[in-house]
file final.cif (mmCIF, C-alpha atoms and all ligand atoms)
data_structure
#
loop_
_atom_site.group_PDB
_atom_site.id
_atom_site.type_symbol
_atom_site.label_atom_id
_atom_site.label_comp_id
_atom_site.auth_asym_id
_atom_site.auth_seq_id
_atom_site.Cartn_x
_atom_site.Cartn_y
_atom_site.Cartn_z
ATOM 1 C CA MET A 1 160.148 113.682 -2.207
ATOM 2 C CA THR A 2 163.006 113.621 0.272
ATOM 3 C CA LEU A 3 161.903 111.491 3.201
ATOM 4 C CA LEU A 4 163.497 111.225 6.618
ATOM 5 C CA THR A 5 165.322 107.995 7.418
ATOM 6 C CA PRO A 6 165.628 106.338 10.851
ATOM 7 C CA ASP A 7 169.319 107.366 10.770
ATOM 8 C CA ASP A 8 168.344 111.056 10.457
ATOM 9 C CA LEU A 9 166.307 110.603 13.635
ATOM 10 C CA TYR A 10 169.073 108.982 15.674
ATOM 11 C CA ASN A 11 169.236 110.747 19.074
ATOM 12 C CA VAL A 12 166.824 113.398 17.765
ATOM 13 C CA SER A 13 165.999 114.847 21.194
ATOM 14 C CA ARG A 14 169.733 115.336 21.891
ATOM 15 C CA GLN A 15 170.057 117.043 18.490
ATOM 16 C CA PHE A 16 167.104 119.260 19.402
ATOM 17 C CA GLU A 17 168.542 120.280 22.776
ATOM 18 C CA LYS A 18 171.969 121.009 21.244
ATOM 19 C CA ASN A 19 170.397 123.197 18.564
ATOM 20 C CA ASN A 20 168.275 124.996 21.129
ATOM 21 C CA ASP A 21 171.494 125.958 22.953
ATOM 22 C CA ILE A 22 172.999 127.233 19.676
ATOM 23 C CA ILE A 23 169.808 129.211 18.961
ATOM 24 C CA LYS A 24 169.957 130.764 22.447
ATOM 25 C CA ARG A 25 173.621 131.706 21.977
ATOM 26 C CA ALA A 26 173.191 133.194 18.496
ATOM 27 C CA THR A 27 169.812 134.936 18.950
ATOM 28 C CA GLY A 28 169.492 135.509 22.698
ATOM 29 C CA GLN A 29 166.267 133.454 22.897
ATOM 30 C CA GLY A 30 165.307 129.762 22.908
ATOM 31 C CA ILE A 31 162.972 128.033 20.448
ATOM 32 C CA ARG A 32 159.935 128.280 22.732
ATOM 33 C CA ASP A 33 160.274 132.074 23.110
ATOM 34 C CA ILE A 34 160.842 132.492 19.376
ATOM 35 C CA CYS A 35 157.778 130.363 18.489
ATOM 36 C CA GLU A 36 155.670 132.317 20.997
ATOM 37 C CA SER A 37 156.639 135.632 19.444
ATOM 38 C CA VAL A 38 156.298 134.453 15.826
ATOM 39 C CA TYR A 39 152.762 133.111 16.363
ATOM 40 C CA ASN A 40 151.776 135.194 19.395
ATOM 41 C CA THR A 41 150.503 131.994 21.052
ATOM 42 C CA ARG A 42 151.249 130.116 24.286
ATOM 43 C CA LEU A 43 150.975 126.364 24.699
ATOM 44 C CA GLY A 44 148.822 124.941 27.513
ATOM 45 C CA ASN A 45 148.769 121.214 28.086
ATOM 46 C CA GLU A 46 146.892 120.385 24.905
ATOM 47 C CA LYS A 47 146.331 116.709 24.148
ATOM 48 C CA ILE A 48 148.280 115.751 21.002
ATOM 49 C CA GLY A 49 147.261 112.623 19.043
ATOM 50 C CA ILE A 50 150.171 111.246 16.948
ATOM 51 C CA ILE A 51 148.824 108.972 14.209
ATOM 52 C CA PRO A 52 151.255 106.685 12.320
ATOM 53 C CA ILE A 53 150.373 106.583 8.598
ATOM 54 C CA THR A 54 151.219 103.560 6.406
ATOM 55 C CA ALA A 55 150.592 105.234 3.011
ATOM 56 C CA GLY A 56 153.306 105.238 0.330
ATOM 57 C CA ASN A 57 156.772 104.577 1.739
ATOM 58 C CA GLY A 58 155.048 103.675 5.016
ATOM 59 C CA ILE A 59 155.951 104.024 8.657
ATOM 60 C CA ILE A 60 159.394 105.550 9.332
ATOM 61 C CA ASP A 61 161.030 104.008 12.397
ATOM 62 C CA ASN A 62 161.216 106.517 15.227
ATOM 63 C CA PHE A 63 159.149 109.157 13.397
ATOM 64 C CA ALA A 64 156.093 108.911 15.702
ATOM 65 C CA GLU A 65 158.373 108.416 18.729
ATOM 66 C CA SER A 66 160.298 111.573 17.762
ATOM 67 C CA LEU A 67 157.055 113.551 17.676
ATOM 68 C CA PHE A 68 156.199 112.136 21.094
ATOM 69 C CA THR A 69 159.504 113.449 22.499
ATOM 70 C CA ILE A 70 158.822 117.007 21.316
ATOM 71 C CA THR A 71 155.288 116.971 22.828
ATOM 72 C CA ASN A 72 156.887 115.992 26.140
ATOM 73 C CA TYR A 73 159.578 118.670 25.823
ATOM 74 C CA LEU A 74 156.825 121.254 25.280
ATOM 75 C CA LYS A 75 154.932 119.854 28.320
ATOM 76 C CA LEU A 76 151.958 118.824 26.163
ATOM 77 C CA ASP A 77 149.859 115.704 26.692
ATOM 78 C CA GLY A 78 151.050 113.631 23.716
ATOM 79 C CA PHE A 79 150.190 110.045 22.777
ATOM 80 C CA ILE A 80 150.809 107.740 19.823
ATOM 81 C CA THR A 81 147.690 105.891 18.687
ATOM 82 C CA ASN A 82 147.783 102.075 18.829
ATOM 83 C CA HIS A 83 146.161 101.930 15.400
ATOM 84 C CA THR A 84 147.414 103.485 12.168
ATOM 85 C CA ASP A 85 145.646 105.481 9.431
ATOM 86 C CA VAL A 86 141.840 105.864 9.690
ATOM 87 C CA ALA A 87 141.565 103.558 12.708
ATOM 88 C CA GLY A 88 144.270 105.648 14.369
ATOM 89 C CA TYR A 89 142.447 108.854 13.481
ATOM 90 C CA TYR A 90 139.242 107.443 15.041
ATOM 91 C CA GLU A 91 141.187 106.392 18.156
ATOM 92 C CA ALA A 92 142.805 109.821 18.569
ATOM 93 C CA VAL A 93 139.464 111.645 18.310
ATOM 94 C CA ASN A 94 137.877 109.193 20.760
ATOM 95 C CA GLN A 95 140.763 109.816 23.177
ATOM 96 C CA ASN A 96 139.828 113.528 23.076
ATOM 97 C CA ALA A 97 142.916 114.736 21.245
ATOM 98 C CA ASP A 98 142.906 118.520 20.778
ATOM 99 C CA ILE A 99 145.508 118.455 17.991
ATOM 100 C CA LEU A 100 146.311 115.687 15.494
ATOM 101 C CA LEU A 101 149.804 115.151 14.023
ATOM 102 C CA MET A 102 150.083 112.887 10.973
ATOM 103 C CA ALA A 103 152.231 112.623 7.853
ATOM 104 C CA ASP A 104 152.200 110.731 4.576
ATOM 105 C CA ASP A 105 155.057 111.022 2.077
ATOM 106 C CA TYR A 106 153.870 114.401 0.806
ATOM 107 C CA VAL A 107 152.244 116.401 3.575
ATOM 108 C CA PHE A 108 152.793 116.473 7.342
ATOM 109 C CA ILE A 109 150.013 118.316 9.162
ATOM 110 C CA ALA A 110 149.040 119.577 12.589
ATOM 111 C CA HIS A 111 145.256 119.996 12.855
ATOM 112 C CA ASN A 112 143.651 121.622 15.888
ATOM 113 C CA LEU A 113 140.160 120.068 16.237
ATOM 114 C CA ARG A 114 139.088 122.764 18.708
ATOM 115 C CA ASN A 115 139.759 125.927 16.690
ATOM 116 C CA GLY A 116 139.973 124.389 13.213
ATOM 117 C CA LYS A 117 143.510 125.701 12.589
ATOM 118 C CA ILE A 118 145.639 123.484 10.324
ATOM 119 C CA ALA A 119 149.336 123.808 9.416
ATOM 120 C CA THR A 120 151.891 121.994 7.256
ATOM 121 C CA ASN A 121 155.415 121.057 8.222
ATOM 122 C CA HIS A 122 156.833 122.655 5.045
ATOM 123 C CA VAL A 123 155.491 126.129 5.786
ATOM 124 C CA CYS A 124 156.109 125.997 9.548
ATOM 125 C CA THR A 125 159.664 124.728 9.033
ATOM 126 C CA GLY A 126 160.390 127.493 6.510
ATOM 127 C CA VAL A 127 158.971 130.164 8.816
ATOM 128 C CA ILE A 128 160.818 129.087 11.949
ATOM 129 C CA TYR A 129 164.258 128.505 10.353
ATOM 130 C CA ALA A 130 164.005 131.820 8.490
ATOM 131 C CA GLU A 131 162.973 133.543 11.727
ATOM 132 C CA ILE A 132 165.945 132.007 13.575
ATOM 133 C CA ALA A 133 168.364 133.252 10.881
ATOM 134 C CA SER A 134 166.831 136.741 11.040
ATOM 135 C CA ARG A 135 167.380 137.005 14.807
ATOM 136 C CA CYS A 136 171.169 136.880 14.618
ATOM 137 C CA LYS A 137 172.151 139.125 17.516
ATOM 138 C CA TYR A 138 175.449 140.272 15.987
ATOM 139 C CA ALA A 139 173.943 141.268 12.624
ATOM 140 C CA ASP A 140 174.007 145.007 11.868
ATOM 141 C CA THR A 141 171.928 144.816 8.690
ATOM 142 C CA LYS A 142 168.544 143.624 7.407
ATOM 143 C CA ASP A 143 170.241 141.832 4.494
ATOM 144 C CA ILE A 144 169.612 138.084 4.586
ATOM 145 C CA LEU A 145 170.449 135.322 2.112
ATOM 146 C CA VAL A 146 167.915 132.599 1.243
ATOM 147 C CA ILE A 147 169.235 129.546 -0.605
ATOM 148 C CA GLY A 148 166.552 127.281 -2.049
ATOM 149 C CA LEU A 149 163.041 128.479 -2.908
ATOM 150 C CA GLY A 150 161.080 125.227 -2.811
ATOM 151 C CA LYS A 151 158.202 124.340 -0.460
ATOM 152 C CA VAL A 152 160.248 125.217 2.645
ATOM 153 C CA GLY A 153 162.466 127.989 1.238
ATOM 154 C CA TYR A 154 159.634 129.931 -0.400
ATOM 155 C CA ALA A 155 157.652 129.951 2.868
ATOM 156 C CA GLY A 156 160.703 131.204 4.753
ATOM 157 C CA ALA A 157 161.456 133.904 2.152
ATOM 158 C CA SER A 158 157.829 135.039 2.278
ATOM 159 C CA HIS A 159 158.007 135.312 6.079
ATOM 160 C CA LEU A 160 161.210 137.388 5.910
ATOM 161 C CA ILE A 161 159.728 139.768 3.315
ATOM 162 C CA ARG A 162 156.680 140.215 5.564
ATOM 163 C CA LYS A 163 159.060 141.080 8.423
ATOM 164 C CA GLY A 164 160.754 143.747 6.283
ATOM 165 C CA PHE A 165 164.111 142.066 5.642
ATOM 166 C CA ASN A 166 166.158 142.653 2.474
ATOM 167 C CA VAL A 167 165.926 139.134 1.080
ATOM 168 C CA TYR A 168 168.520 138.023 -1.449
ATOM 169 C CA ALA A 169 167.642 134.620 -2.869
ATOM 170 C CA TYR A 170 169.152 131.989 -5.111
ATOM 171 C CA ASP A 171 167.734 128.837 -6.678
ATOM 172 C CA PRO A 172 169.032 127.132 -9.871
ATOM 173 C CA ASP A 173 165.411 126.425 -10.778
ATOM 174 C CA ASN A 174 164.579 129.575 -12.746
ATOM 175 C CA GLU A 175 160.842 129.075 -12.316
ATOM 176 C CA ALA A 176 161.206 128.942 -8.552
ATOM 177 C CA LEU A 177 163.449 132.020 -8.540
ATOM 178 C CA ASN A 178 161.207 134.007 -10.887
ATOM 179 C CA SER A 179 158.092 133.232 -8.821
ATOM 180 C CA ALA A 180 159.842 134.460 -5.680
ATOM 181 C CA VAL A 181 161.006 137.632 -7.460
ATOM 182 C CA GLN A 182 157.560 138.321 -8.961
ATOM 183 C CA GLU A 183 155.393 137.297 -6.008
ATOM 184 C CA LEU A 184 157.562 138.168 -3.009
ATOM 185 C CA GLY A 185 159.899 140.844 -4.338
ATOM 186 C CA VAL A 186 163.122 139.047 -3.340
ATOM 187 C CA HIS A 187 166.384 140.216 -4.963
ATOM 188 C CA PRO A 188 167.855 137.493 -7.185
ATOM 189 C CA TYR A 189 171.302 136.754 -5.723
ATOM 190 C CA ASP A 190 174.003 136.133 -8.284
ATOM 191 C CA ILE A 191 176.988 134.627 -6.513
ATOM 192 C CA HIS A 192 179.405 135.701 -9.285
ATOM 193 C CA ARG A 193 178.101 139.224 -9.781
ATOM 194 C CA ASP A 194 177.232 140.421 -6.292
ATOM 195 C CA GLY A 195 180.288 139.526 -4.263
ATOM 196 C CA LYS A 196 178.012 140.348 -1.312
ATOM 197 C CA LYS A 197 178.664 138.401 1.906
ATOM 198 C CA PHE A 198 175.969 137.696 4.498
ATOM 199 C CA CYS A 199 175.987 137.150 8.242
ATOM 200 C CA MET A 200 172.465 135.657 8.138
ATOM 201 C CA VAL A 201 171.736 132.688 5.872
ATOM 202 C CA PHE A 202 168.595 130.529 5.624
ATOM 203 C CA GLU A 203 169.177 127.436 3.441
ATOM 204 C CA ALA A 204 166.480 124.948 2.449
ATOM 205 C CA THR A 205 167.816 122.540 -0.165
ATOM 206 C CA PRO A 206 168.317 118.754 -0.289
ATOM 207 C CA ASN A 207 171.942 119.194 -1.389
ATOM 208 C CA GLU A 208 175.287 119.650 0.324
ATOM 209 C CA ASN A 209 177.865 122.382 -0.376
ATOM 210 C CA THR A 210 175.193 124.872 -1.419
ATOM 211 C CA ILE A 211 176.781 127.493 0.867
ATOM 212 C CA THR A 212 180.206 128.663 -0.343
ATOM 213 C CA LYS A 213 182.811 130.865 1.359
ATOM 214 C CA ASP A 214 182.015 133.706 -1.087
ATOM 215 C CA MET A 215 178.491 133.938 0.343
ATOM 216 C CA ILE A 216 179.196 134.291 4.070
ATOM 217 C CA SER A 217 181.011 136.754 6.313
ATOM 218 C CA GLU A 218 183.637 135.560 8.807
ATOM 219 C CA ARG A 219 181.077 135.369 11.634
ATOM 220 C CA CYS A 220 177.598 134.247 10.559
ATOM 221 C CA LEU A 221 174.440 132.393 11.549
ATOM 222 C CA VAL A 222 173.404 129.617 9.140
ATOM 223 C CA SER A 223 169.935 128.252 9.814
ATOM 224 C CA THR A 224 169.012 125.227 7.716
ATOM 225 C CA PRO A 225 166.513 122.350 7.874
ATOM 226 C CA GLY A 226 168.048 120.970 4.677
ATOM 227 C CA ILE A 227 169.142 117.323 4.628
ATOM 228 C CA PRO A 228 172.032 116.799 3.975
ATOM 229 C CA CYS A 229 173.515 119.993 5.416
ATOM 230 C CA GLY A 230 174.315 122.686 2.831
ATOM 231 C CA LEU A 231 177.335 123.896 4.843
ATOM 232 C CA SER A 232 180.450 121.720 4.643
ATOM 233 C CA PRO A 233 182.179 120.875 7.970
ATOM 234 C CA GLU A 234 185.398 122.444 6.594
ATOM 235 C CA LEU A 235 183.714 125.791 5.889
ATOM 236 C CA GLY A 236 181.837 125.587 9.184
ATOM 237 C CA ASN A 237 185.231 125.306 10.922
ATOM 238 C CA ASP A 238 187.279 127.744 8.813
ATOM 239 C CA TYR A 239 184.699 130.444 9.434
ATOM 240 C CA ASP A 240 183.047 131.249 12.770
ATOM 241 C CA VAL A 241 179.609 129.841 11.881
ATOM 242 C CA ASP A 242 176.713 129.344 14.276
ATOM 243 C CA LEU A 243 174.946 126.433 12.581
ATOM 244 C CA VAL A 244 171.314 125.613 13.406
ATOM 245 C CA MET A 245 170.413 122.346 11.719
ATOM 246 C CA GLU A 246 168.032 119.657 13.038
ATOM 247 C CA PRO A 247 166.063 116.994 11.146
ATOM 248 C CA LEU A 248 162.497 117.378 12.473
ATOM 249 C CA LEU A 249 161.605 118.753 15.883
ATOM 250 C CA ILE A 250 162.238 122.503 15.476
ATOM 251 C CA GLY A 251 159.766 122.408 12.585
ATOM 252 C CA VAL A 252 157.260 120.397 14.649
ATOM 253 C CA ALA A 253 157.470 122.868 17.542
ATOM 254 C CA SER A 254 156.654 125.600 15.001
ATOM 255 C CA MET A 255 153.660 123.578 13.722
ATOM 256 C CA LEU A 256 152.238 123.164 17.239
ATOM 257 C CA TYR A 257 152.589 126.856 18.161
ATOM 258 C CA SER A 258 151.034 127.836 14.819
ATOM 259 C CA VAL A 259 147.746 125.952 15.413
ATOM 260 C CA ILE A 260 147.134 126.948 19.051
HETATM 261 N N1 LIG B 1 164.625 119.598 9.199
HETATM 262 C C1 LIG B 1 163.320 119.661 9.038
HETATM 263 O O1 LIG B 1 162.544 119.852 9.979
HETATM 264 C C2 LIG B 1 162.765 119.533 7.644
HETATM 265 C C3 LIG B 1 163.640 119.336 6.590
HETATM 266 N N2 LIG B 1 163.191 119.323 5.296
HETATM 267 C C4 LIG B 1 164.222 119.238 4.254
HETATM 268 O O2 LIG B 1 164.404 120.557 3.682
HETATM 269 C C5 LIG B 1 164.862 120.428 2.329
HETATM 270 C C6 LIG B 1 163.975 121.266 1.412
HETATM 271 O O3 LIG B 1 162.687 120.708 1.437
HETATM 272 P P1 LIG B 1 161.606 121.192 0.342
HETATM 273 O O4 LIG B 1 161.537 122.683 0.301
HETATM 274 O O5 LIG B 1 160.362 120.391 0.600
HETATM 275 O O6 LIG B 1 162.292 120.678 -1.007
HETATM 276 P P2 LIG B 1 161.938 121.176 -2.491
HETATM 277 O O7 LIG B 1 162.412 120.087 -3.399
HETATM 278 O O8 LIG B 1 160.512 121.640 -2.549
HETATM 279 O O9 LIG B 1 162.862 122.484 -2.699
HETATM 280 C C7 LIG B 1 164.252 122.393 -2.748
HETATM 281 C C8 LIG B 1 164.730 123.581 -3.589
HETATM 282 O O10 LIG B 1 166.143 123.663 -3.467
HETATM 283 C C9 LIG B 1 166.643 124.069 -4.729
HETATM 284 N N3 LIG B 1 168.080 123.788 -4.819
HETATM 285 C C10 LIG B 1 168.697 122.603 -5.084
HETATM 286 N N4 LIG B 1 170.041 122.791 -5.092
HETATM 287 C C11 LIG B 1 170.262 124.099 -4.836
HETATM 288 C C12 LIG B 1 171.432 124.912 -4.723
HETATM 289 N N5 LIG B 1 172.633 124.400 -4.898
HETATM 290 N N6 LIG B 1 171.291 126.232 -4.440
HETATM 291 C C13 LIG B 1 170.057 126.768 -4.280
HETATM 292 N N7 LIG B 1 168.905 126.060 -4.377
HETATM 293 C C14 LIG B 1 169.021 124.741 -4.654
HETATM 294 C C15 LIG B 1 165.801 123.292 -5.730
HETATM 295 O O11 LIG B 1 165.886 123.896 -7.021
HETATM 296 C C16 LIG B 1 164.416 123.438 -5.084
HETATM 297 O O12 LIG B 1 163.748 124.596 -5.553
HETATM 298 C C17 LIG B 1 164.845 118.922 2.019
HETATM 299 O O13 LIG B 1 166.128 118.417 2.238
HETATM 300 C C18 LIG B 1 163.891 118.356 3.071
HETATM 301 O O14 LIG B 1 164.186 117.005 3.387
HETATM 302 C C19 LIG B 1 161.857 119.496 4.980
HETATM 303 C C20 LIG B 1 160.944 119.673 6.010
HETATM 304 C C21 LIG B 1 161.329 119.669 7.407
HETATM 305 N N1 LIG B 2 154.064 108.056 7.222
HETATM 306 C C1 LIG B 2 155.257 108.059 8.119
HETATM 307 C C2 LIG B 2 155.875 109.472 8.189
HETATM 308 C C3 LIG B 2 156.319 109.984 6.807
HETATM 309 C C4 LIG B 2 157.010 111.351 6.927
HETATM 310 C C5 LIG B 2 157.554 111.760 5.550
HETATM 311 N N2 LIG B 2 157.910 113.176 5.586
HETATM 312 C C6 LIG B 2 159.175 113.581 5.834
HETATM 313 O O1 LIG B 2 160.103 112.809 5.961
HETATM 314 C C7 LIG B 2 159.353 115.078 5.962
HETATM 315 C C8 LIG B 2 158.825 115.563 7.332
HETATM 316 C C9 LIG B 2 159.944 116.335 7.920
HETATM 317 C C10 LIG B 2 161.051 116.148 6.990
HETATM 318 N N3 LIG B 2 160.711 115.472 5.948
HETATM 319 C C11 LIG B 2 154.876 107.642 9.512
HETATM 320 O O2 LIG B 2 153.728 107.925 9.920
HETATM 321 O O3 LIG B 2 155.747 107.060 10.208
HETATM 322 MG MG MG B 3 163.415 120.862 12.190
#
call {"tool": "encode", "arguments": {"input": "final.cif", "output": "structure tokens", "more": "lines below"}}
Ligand SMILES: NC(=O)C1=CN([C@@H]2O[C@H](COP(=O)(O)OP(=O)(O)OC[C@H]3O[C@@H](n4cnc5c(N)ncnc54)[C@H](O)[C@@H]3O)[C@@H](O)[C@H]2O)C=CC1
Ligand SMILES: N[C@@H](CCCCNC(=O)[C@H]1CCC=N1)C(=O)O
Ligand SMILES: [Mg+2]
result
Amino acid sequence: MTLLTPDDLYNVSRQFEKNNDIIKRATGQGIRDICESVYNTRLGNEKIGIIPITAGNGIIDNFAESLFTITNYLKLDGFITNHTDVAGYYEAVNQNADILLMADDYVFIAHNLRNGKIATNHVCTGVIYAEIASRCKYADTKDILVIGLGKVGYAGASHLIRKGFNVYAYDPDNEALNSAVQELGVHPYDIHRDGKKFCMVFEATPNENTITKDMISERCLVSTPGIPCGLSPELGNDYDVDLVMEPLLIGVASMLYSVI
């Protein structure tokens, strides 16, 4: 289970704003507009209860505070409970929270107490990063490359198939690749055989250098929540790459829009 570290979250709101500018430049729209159109929802000023959870690896410094910054950015009424765990849950409900945000080491959820909708960070992160990649405004094809078919990658690939994109996918885990081929109908991408280059790439792996120069065209949009980044700085400079990569808040924005 790859967990965030306080270092990943250093200056996270600055990272978010910078990525939102890149998203606007590469797709023509900002993250709020994209979330609205993906989920067909609009945020009001819902009250968001952020509950720190001590299970497993425990509290991650700046995790709850990072969630608080995105609720402010989205003009929601966010608060972090004084208590943790069940006491925090009780406090949030008593403070009339509409939506609860809480994460242990395995699942990070948004739960809307008013309409019952519930969403996980894995799925919402996969959907929104895949959507961003697919909105590349200088792409002249529906071909898109998905690298990594785990909890996040599979959700993103599934979203792209639903939207009618030609999804080429690669994962060294044969089981993961075969499930995506059988269940989603993705094309298995063989880097050595295809020689195909993509201008839209969605990467969701916990490894670096997963994106090589044989995979991408000169100008391309790489959208990745993966930590560490799958695109090397050298390649990102040699080629004209719009890189969207942020450790937490783009995925959280997607979670909140998905449960409204
Ligand atoms: N930025 C954000 O908001 C978020 C980031 N993450 C990060 O996204 C990454 C993926 O998360 P999960 O899907 O939960 O992990 P996972 O472990 O479920 O899936 C990762 C997949 O990547 C594959 N993979 C590894 N090396 C590869 C390579 N060279 N080429 C292609 N595939 C490769 C693995 O076989 C596995 O199927 C992790 O780094 C995680 O920390 C997760 C959630 C939110
Ligand atoms: N229990 C801790 C939060 C643990 C979050 C672990 N999950 C991750 O790191 C996932 C979420 C996005 C990327 N990785 C706390 O409440 O402070
Ligand atoms: Mg994110």
call {"tool": "resolve_selection", "arguments": {"input": "final.cif", "expression": "the PyMOL selection byres (((not hetatm)) within 7 of (chain B and resi 1))", "output": "VMD selection string"}}
result
chain A and resid 1 to 4 121 to 122 125 147 to 153 170 to 173 176 204 to 207 210 225 to 228 245 to 251
call {"tool": "write_last_selection", "arguments": {"input": "final.cif", "atoms": "C-alpha atoms", "output": "PDB file, keeping the file's coordinate frame"}}
result
ATOM      1  CA  MET A   1     160.148 113.682  -2.207  1.00  0.00           C
ATOM      2  CA  THR A   2     163.006 113.621   0.272  1.00  0.00           C
ATOM      3  CA  LEU A   3     161.903 111.491   3.201  1.00  0.00           C
ATOM      4  CA  LEU A   4     163.497 111.225   6.618  1.00  0.00           C
ATOM      5  CA  ASN A 121     155.415 121.057   8.222  1.00  0.00           C
ATOM      6  CA  HIS A 122     156.833 122.655   5.045  1.00  0.00           C
ATOM      7  CA  THR A 125     159.664 124.728   9.033  1.00  0.00           C
ATOM      8  CA  ILE A 147     169.235 129.546  -0.605  1.00  0.00           C
ATOM      9  CA  GLY A 148     166.552 127.281  -2.049  1.00  0.00           C
ATOM     10  CA  LEU A 149     163.041 128.479  -2.908  1.00  0.00           C
ATOM     11  CA  GLY A 150     161.080 125.227  -2.811  1.00  0.00           C
ATOM     12  CA  LYS A 151     158.202 124.340  -0.460  1.00  0.00           C
ATOM     13  CA  VAL A 152     160.248 125.217   2.645  1.00  0.00           C
ATOM     14  CA  GLY A 153     162.466 127.989   1.238  1.00  0.00           C
ATOM     15  CA  TYR A 170     169.152 131.989  -5.111  1.00  0.00           C
ATOM     16  CA  ASP A 171     167.734 128.837  -6.678  1.00  0.00           C
ATOM     17  CA  PRO A 172     169.032 127.132  -9.871  1.00  0.00           C
ATOM     18  CA  ASP A 173     165.411 126.425 -10.778  1.00  0.00           C
ATOM     19  CA  ALA A 176     161.206 128.942  -8.552  1.00  0.00           C
ATOM     20  CA  ALA A 204     166.480 124.948   2.449  1.00  0.00           C
ATOM     21  CA  THR A 205     167.816 122.540  -0.165  1.00  0.00           C
ATOM     22  CA  PRO A 206     168.317 118.754  -0.289  1.00  0.00           C
ATOM     23  CA  ASN A 207     171.942 119.194  -1.389  1.00  0.00           C
ATOM     24  CA  THR A 210     175.193 124.872  -1.419  1.00  0.00           C
ATOM     25  CA  PRO A 225     166.513 122.350   7.874  1.00  0.00           C
ATOM     26  CA  GLY A 226     168.048 120.970   4.677  1.00  0.00           C
ATOM     27  CA  ILE A 227     169.142 117.323   4.628  1.00  0.00           C
ATOM     28  CA  PRO A 228     172.032 116.799   3.975  1.00  0.00           C
ATOM     29  CA  MET A 245     170.413 122.346  11.719  1.00  0.00           C
ATOM     30  CA  GLU A 246     168.032 119.657  13.038  1.00  0.00           C
ATOM     31  CA  PRO A 247     166.063 116.994  11.146  1.00  0.00           C
ATOM     32  CA  LEU A 248     162.497 117.378  12.473  1.00  0.00           C
ATOM     33  CA  LEU A 249     161.605 118.753  15.883  1.00  0.00           C
ATOM     34  CA  ILE A 250     162.238 122.503  15.476  1.00  0.00           C
ATOM     35  CA  GLY A 251     159.766 122.408  12.585  1.00  0.00           C
TER      36      GLY A 251
END
call {"tool": "residues_around", "arguments": {"input": "final.cif", "residues": "Ser217 of chain A", "least_positions_apart": "4", "cutoff": "8 Å", "atoms": "all atoms listed in the file", "output": "ChimeraX atom specification"}}
result
/A:197-199,213,239
call {"tool": "write_last_selection", "arguments": {"input": "final.cif", "atoms": "C-alpha atoms", "output": "CSV table (one decimal), in the coordinates of the input"}}
result
chain,number,residue,atom,x,y,z
A,197,LYS,CA,178.7,138.4,1.9
A,198,PHE,CA,176.0,137.7,4.5
A,199,CYS,CA,176.0,137.2,8.2
A,213,LYS,CA,182.8,130.9,1.4
A,239,TYR,CA,184.7,130.4,9.4
call {"tool": "residues_near_ligand", "arguments": {"input": "final.cif", "ligand": "ligand LIG 2 (chain B)", "cutoff": "7 Å", "atoms": "all atoms listed in the file", "output": "PyMOL selection string"}}
result
chain A and resi 2-4+51-55+58-61+63-64+102-108+121+247-248
call {"tool": "atom_distance", "arguments": {"input": "final.cif", "atom1": "atom CA of Asp98 of chain A", "atom2": "atom CA of Val123 of chain A"}}
result
21.0 Å
call {"tool": "resolve_selection", "arguments": {"input": "final.cif", "expression": "the PyMOL selection byres (((chain A and resi 10) around 12) and not hetatm)", "output": "ChimeraX atom specification"}}
result
/A:4-9,11-16,61-63,65-66,246-248
call {"tool": "residues_near_point", "arguments": {"input": "final.cif", "point": "(138.8, 121.1, 12.6)", "cutoff": "12 Å", "atoms": "only C-alpha atoms", "output": "list of chain:residue names"}}
result
A:Val93, A:Ala97, A:Asp98, A:Ile99, A:Leu100, A:Ala110, A:His111, A:Asn112, A:Leu113, A:Arg114, A:Asn115, A:Gly116, A:Lys117, A:Ile118, A:Ala119, A:Val259
call {"tool": "decode", "arguments": {"input": "final.cif", "residues": "segment 143-149 of chain A", "atoms": "N, CA, C and O atoms", "output": "PDB file, in the first residue's frame"}}
result
ATOM      1  N   ASP A 143      -7.200   7.612 -29.826  1.00  0.00           N
ATOM      2  CA  ASP A 143      -6.242   6.655 -29.257  1.00  0.00           C
ATOM      3  C   ASP A 143      -5.649   7.230 -27.979  1.00  0.00           C
ATOM      4  O   ASP A 143      -5.223   8.397 -27.964  1.00  0.00           O
ATOM      5  N   ILE A 144      -5.650   6.441 -26.927  1.00  0.00           N
ATOM      6  CA  ILE A 144      -5.089   6.907 -25.643  1.00  0.00           C
ATOM      7  C   ILE A 144      -4.371   5.747 -24.967  1.00  0.00           C
ATOM      8  O   ILE A 144      -4.810   4.591 -25.070  1.00  0.00           O
ATOM      9  N   LEU A 145      -3.231   6.051 -24.343  1.00  0.00           N
ATOM     10  CA  LEU A 145      -2.418   5.019 -23.707  1.00  0.00           C
ATOM     11  C   LEU A 145      -2.638   5.035 -22.197  1.00  0.00           C
ATOM     12  O   LEU A 145      -2.556   6.110 -21.578  1.00  0.00           O
ATOM     13  N   VAL A 146      -2.909   3.865 -21.624  1.00  0.00           N
ATOM     14  CA  VAL A 146      -3.064   3.735 -20.168  1.00  0.00           C
ATOM     15  C   VAL A 146      -1.940   2.846 -19.659  1.00  0.00           C
ATOM     16  O   VAL A 146      -1.769   1.717 -20.130  1.00  0.00           O
ATOM     17  N   ILE A 147      -1.159   3.363 -18.722  1.00  0.00           N
ATOM     18  CA  ILE A 147      -0.032   2.606 -18.167  1.00  0.00           C
ATOM     19  C   ILE A 147      -0.309   2.337 -16.696  1.00  0.00           C
ATOM     20  O   ILE A 147      -0.408   3.272 -15.893  1.00  0.00           O
ATOM     21  N   GLY A 148      -0.486   1.037 -16.368  1.00  0.00           N
ATOM     22  CA  GLY A 148      -0.847   0.689 -14.992  1.00  0.00           C
ATOM     23  C   GLY A 148      -2.337   0.425 -14.895  1.00  0.00           C
ATOM     24  O   GLY A 148      -3.149   1.320 -15.161  1.00  0.00           O
ATOM     25  N   LEU A 149      -2.685  -0.811 -14.541  1.00  0.00           N
ATOM     26  CA  LEU A 149      -4.108  -1.209 -14.473  1.00  0.00           C
ATOM     27  C   LEU A 149      -4.442  -1.726 -13.071  1.00  0.00           C
ATOM     28  O   LEU A 149      -5.136  -2.724 -12.907  1.00  0.00           O
TER      29      LEU A 149
END
